[in-house]
Amino acid sequence: MKHIIITMILLMSGFGIVVMGQEQITTQQFKEKVWDYKSNSQRIVLKSKLPVILDFYATWCRPCKMLSPELEKLQKDYKGKILVYKIDIDQEPELARVFGVSSVPTVYFIKTDGNYDGFLGYRTYDEIKQSVDTFFFKGKK
């Protein structure tokens, strides 16, 4: 019972919700942790010292549900090297508009220098890992 109360307090106090090991963030949390696009709208200025993966998804989206475990595995394998955030487009439509997300799943990789790349649709773990290695780490984990 004590653990349930602590969890509820943490969730209500503004901490992100963890979905399958990945943190789901709100627009406000995004501005605080990733990029305040209102203050710096000309280019992405990442607040994180680690590269970020943004997973735009919807709860009703089957490919999104299939992609989630792949990203969770990736997050575990690259622990301390990347951050993975989930963004529910139905709950956070402003973020979906900022990134031009019109279909899900949409995944963006954002380097610490603000450069980004991404993909639409489902990808296997190996495909995502190859993209991460190439884009973030030039082939090295």
# chains A, B, ... in the order shown; residues from 1 in each chain; ligands from 1
$ residues_around --residues "A:Ser48" --least-positions-apart "3" --cutoff "7 Å" --atoms "only C-alpha atoms" --output "PyMOL selection string"
chain A and resi 33-34+112
$ write_last_selection --atoms "N, CA, C and O atoms" --output "PDB file, in the first residue's frame"
ATOM      1  N   LYS A  33      13.114  19.227 -20.218  1.00  0.00           N
ATOM      2  CA  LYS A  33      14.137  18.185 -20.329  1.00  0.00           C
ATOM      3  C   LYS A  33      14.819  18.108 -21.690  1.00  0.00           C
ATOM      4  O   LYS A  33      15.961  17.675 -21.783  1.00  0.00           O
ATOM      5  N   VAL A  34      14.085  18.466 -22.751  1.00  0.00           N
ATOM      6  CA  VAL A  34      14.598  18.218 -24.096  1.00  0.00           C
ATOM      7  C   VAL A  34      14.907  19.523 -24.833  1.00  0.00           C
ATOM      8  O   VAL A  34      16.060  19.808 -25.145  1.00  0.00           O
ATOM      9  N   THR A 112      23.103  15.807 -29.659  1.00  0.00           N
ATOM     10  CA  THR A 112      23.288  16.883 -28.688  1.00  0.00           C
ATOM     11  C   THR A 112      23.551  18.230 -29.363  1.00  0.00           C
ATOM     12  O   THR A 112      23.320  19.270 -28.755  1.00  0.00           O
TER      13      THR A 112
END
$ select_by_dssp --residues "stretch 6-134 of chain A" --states "strand (DSSP E)" --output "ChimeraX atom specification"
/A:17-19,22-24,52-57,83-88,106-110,116-120
$ write_last_selection --atoms "N, CA, C and O atoms" --output "short mmCIF file (atom, residue, chain, number, x, y, z; two decimals), in the first residue's frame"
data_model
loop_
_atom_site.label_atom_id
_atom_site.label_comp_id
_atom_site.auth_asym_id
_atom_site.auth_seq_id
_atom_site.Cartn_x
_atom_site.Cartn_y
_atom_site.Cartn_z
N ILE A 17 5.54 9.64 -16.72
CA ILE A 17 5.00 8.30 -16.57
C ILE A 17 5.92 7.35 -17.32
O ILE A 17 6.33 7.64 -18.44
N VAL A 18 6.23 6.22 -16.73
CA VAL A 18 7.08 5.24 -17.39
C VAL A 18 6.19 4.20 -18.08
O VAL A 18 5.34 3.60 -17.46
N VAL A 19 6.37 4.07 -19.39
CA VAL A 19 5.60 3.13 -20.18
C VAL A 19 6.58 2.11 -20.74
O VAL A 19 7.45 2.45 -21.53
N GLN A 22 10.17 3.11 -20.78
CA GLN A 22 10.49 4.39 -21.42
C GLN A 22 9.64 5.46 -20.76
O GLN A 22 8.51 5.22 -20.39
N GLU A 23 10.19 6.63 -20.63
CA GLU A 23 9.48 7.71 -19.98
C GLU A 23 8.56 8.43 -20.94
O GLU A 23 8.97 8.89 -21.99
N GLN A 24 7.30 8.48 -20.58
CA GLN A 24 6.33 9.25 -21.35
C GLN A 24 6.34 10.66 -20.78
O GLN A 24 6.24 10.85 -19.58
N VAL A 52 18.92 12.08 -27.78
CA VAL A 52 17.54 11.77 -27.41
C VAL A 52 16.83 11.08 -28.56
O VAL A 52 17.01 11.46 -29.72
N ILE A 53 16.03 10.09 -28.22
CA ILE A 53 15.12 9.46 -29.18
C ILE A 53 13.71 9.81 -28.73
O ILE A 53 13.34 9.60 -27.58
N LEU A 54 12.92 10.36 -29.66
CA LEU A 54 11.53 10.68 -29.39
C LEU A 54 10.66 9.68 -30.12
O LEU A 54 10.77 9.54 -31.35
N ASP A 55 9.80 9.01 -29.39
CA ASP A 55 8.87 8.03 -29.95
C ASP A 55 7.47 8.62 -29.90
O ASP A 55 6.83 8.63 -28.85
N PHE A 56 7.00 9.15 -31.03
CA PHE A 56 5.63 9.66 -31.12
C PHE A 56 4.72 8.48 -31.42
O PHE A 56 4.92 7.77 -32.42
N TYR A 57 3.73 8.26 -30.56
CA TYR A 57 2.88 7.09 -30.67
C TYR A 57 1.43 7.44 -30.30
O TYR A 57 1.14 8.55 -29.85
N LEU A 83 18.77 8.82 -24.30
CA LEU A 83 17.51 8.91 -23.58
C LEU A 83 16.39 8.63 -24.57
O LEU A 83 16.45 9.07 -25.72
N VAL A 84 15.38 7.88 -24.13
CA VAL A 84 14.22 7.58 -24.97
C VAL A 84 12.98 8.13 -24.28
O VAL A 84 12.71 7.78 -23.13
N TYR A 85 12.25 8.98 -25.00
CA TYR A 85 11.01 9.55 -24.47
C TYR A 85 9.86 9.19 -25.39
O TYR A 85 9.97 9.29 -26.61
N LYS A 86 8.74 8.82 -24.78
CA LYS A 86 7.52 8.52 -25.51
C LYS A 86 6.59 9.73 -25.43
O LYS A 86 6.44 10.32 -24.38
N ILE A 87 5.98 10.05 -26.57
CA ILE A 87 5.05 11.18 -26.63
C ILE A 87 3.75 10.69 -27.26
O ILE A 87 3.73 10.31 -28.44
N ASP A 88 2.69 10.69 -26.48
CA ASP A 88 1.36 10.28 -26.95
C ASP A 88 0.76 11.44 -27.73
O ASP A 88 0.47 12.50 -27.16
N THR A 106 6.17 7.60 -35.31
CA THR A 106 7.21 8.46 -35.86
C THR A 106 8.29 8.55 -34.80
O THR A 106 8.00 8.82 -33.64
N VAL A 107 9.52 8.29 -35.21
CA VAL A 107 10.64 8.31 -34.27
C VAL A 107 11.68 9.31 -34.77
O VAL A 107 12.04 9.29 -35.95
N TYR A 108 12.13 10.17 -33.86
CA TYR A 108 13.20 11.12 -34.17
C TYR A 108 14.41 10.82 -33.30
O TYR A 108 14.28 10.55 -32.11
N PHE A 109 15.59 10.89 -33.92
CA PHE A 109 16.87 10.82 -33.22
C PHE A 109 17.40 12.25 -33.20
O PHE A 109 17.51 12.88 -34.25
N ILE A 110 17.74 12.77 -32.02
CA ILE A 110 18.26 14.13 -31.91
C ILE A 110 19.63 14.09 -31.25
O ILE A 110 19.76 13.64 -30.11
N TYR A 116 19.12 16.25 -36.37
CA TYR A 116 18.17 15.16 -36.14
C TYR A 116 17.89 14.38 -37.42
O TYR A 116 18.15 14.83 -38.52
N ASP A 117 17.36 13.20 -37.21
CA ASP A 117 16.95 12.29 -38.28
C ASP A 117 15.82 11.46 -37.70
O ASP A 117 15.54 11.54 -36.50
N GLY A 118 15.19 10.66 -38.50
CA GLY A 118 14.12 9.84 -37.97
C GLY A 118 13.53 8.89 -38.99
O GLY A 118 14.05 8.77 -40.10
N PHE A 119 12.45 8.25 -38.58
CA PHE A 119 11.77 7.33 -39.47
C PHE A 119 10.30 7.24 -39.10
O PHE A 119 9.89 7.58 -38.00
N LEU A 120 9.52 6.77 -40.06
CA LEU A 120 8.09 6.52 -39.87
C LEU A 120 7.86 5.02 -39.89
O LEU A 120 8.52 4.30 -40.64
#
$ atom_distance --atom1 "atom CA of A:Arg43" --atom2 "atom CA of A:Glu127"
27.4 Å
$ closest_residue --among "A:Asn115, A:Val104, A:Tyr37, A:Phe137" --to "A:Arg62" --atoms "only C-alpha atoms"
A:Val104
$ closest_residue --among "A:Gly114, A:Cys61, A:Gly121, A:Lys81" --to "A:Leu46" --atoms "only C-alpha atoms"
A:Gly114
$ closest_residue --among "A:Pro63, A:Asp36, A:Thr134, A:Asp90" --to "A:Tyr122" --atoms "only C-alpha atoms"
A:Pro63
$ closest_residue --among "A:Leu71, A:Ile82, A:Ala96, A:Ile89" --to "A:Pro51" --atoms "only C-alpha atoms"
A:Ile82
$ closest_residue --among "A:Gly80, A:Phe136, A:Leu74, A:Trp35" --to "A:Phe99" --atoms "only C-alpha atoms"
A:Trp35
$ closest_residue --among "A:Arg97, A:Gln91, A:Lys138, A:Gln130" --to "A:Ala58" --atoms "only C-alpha atoms"
A:Gln91
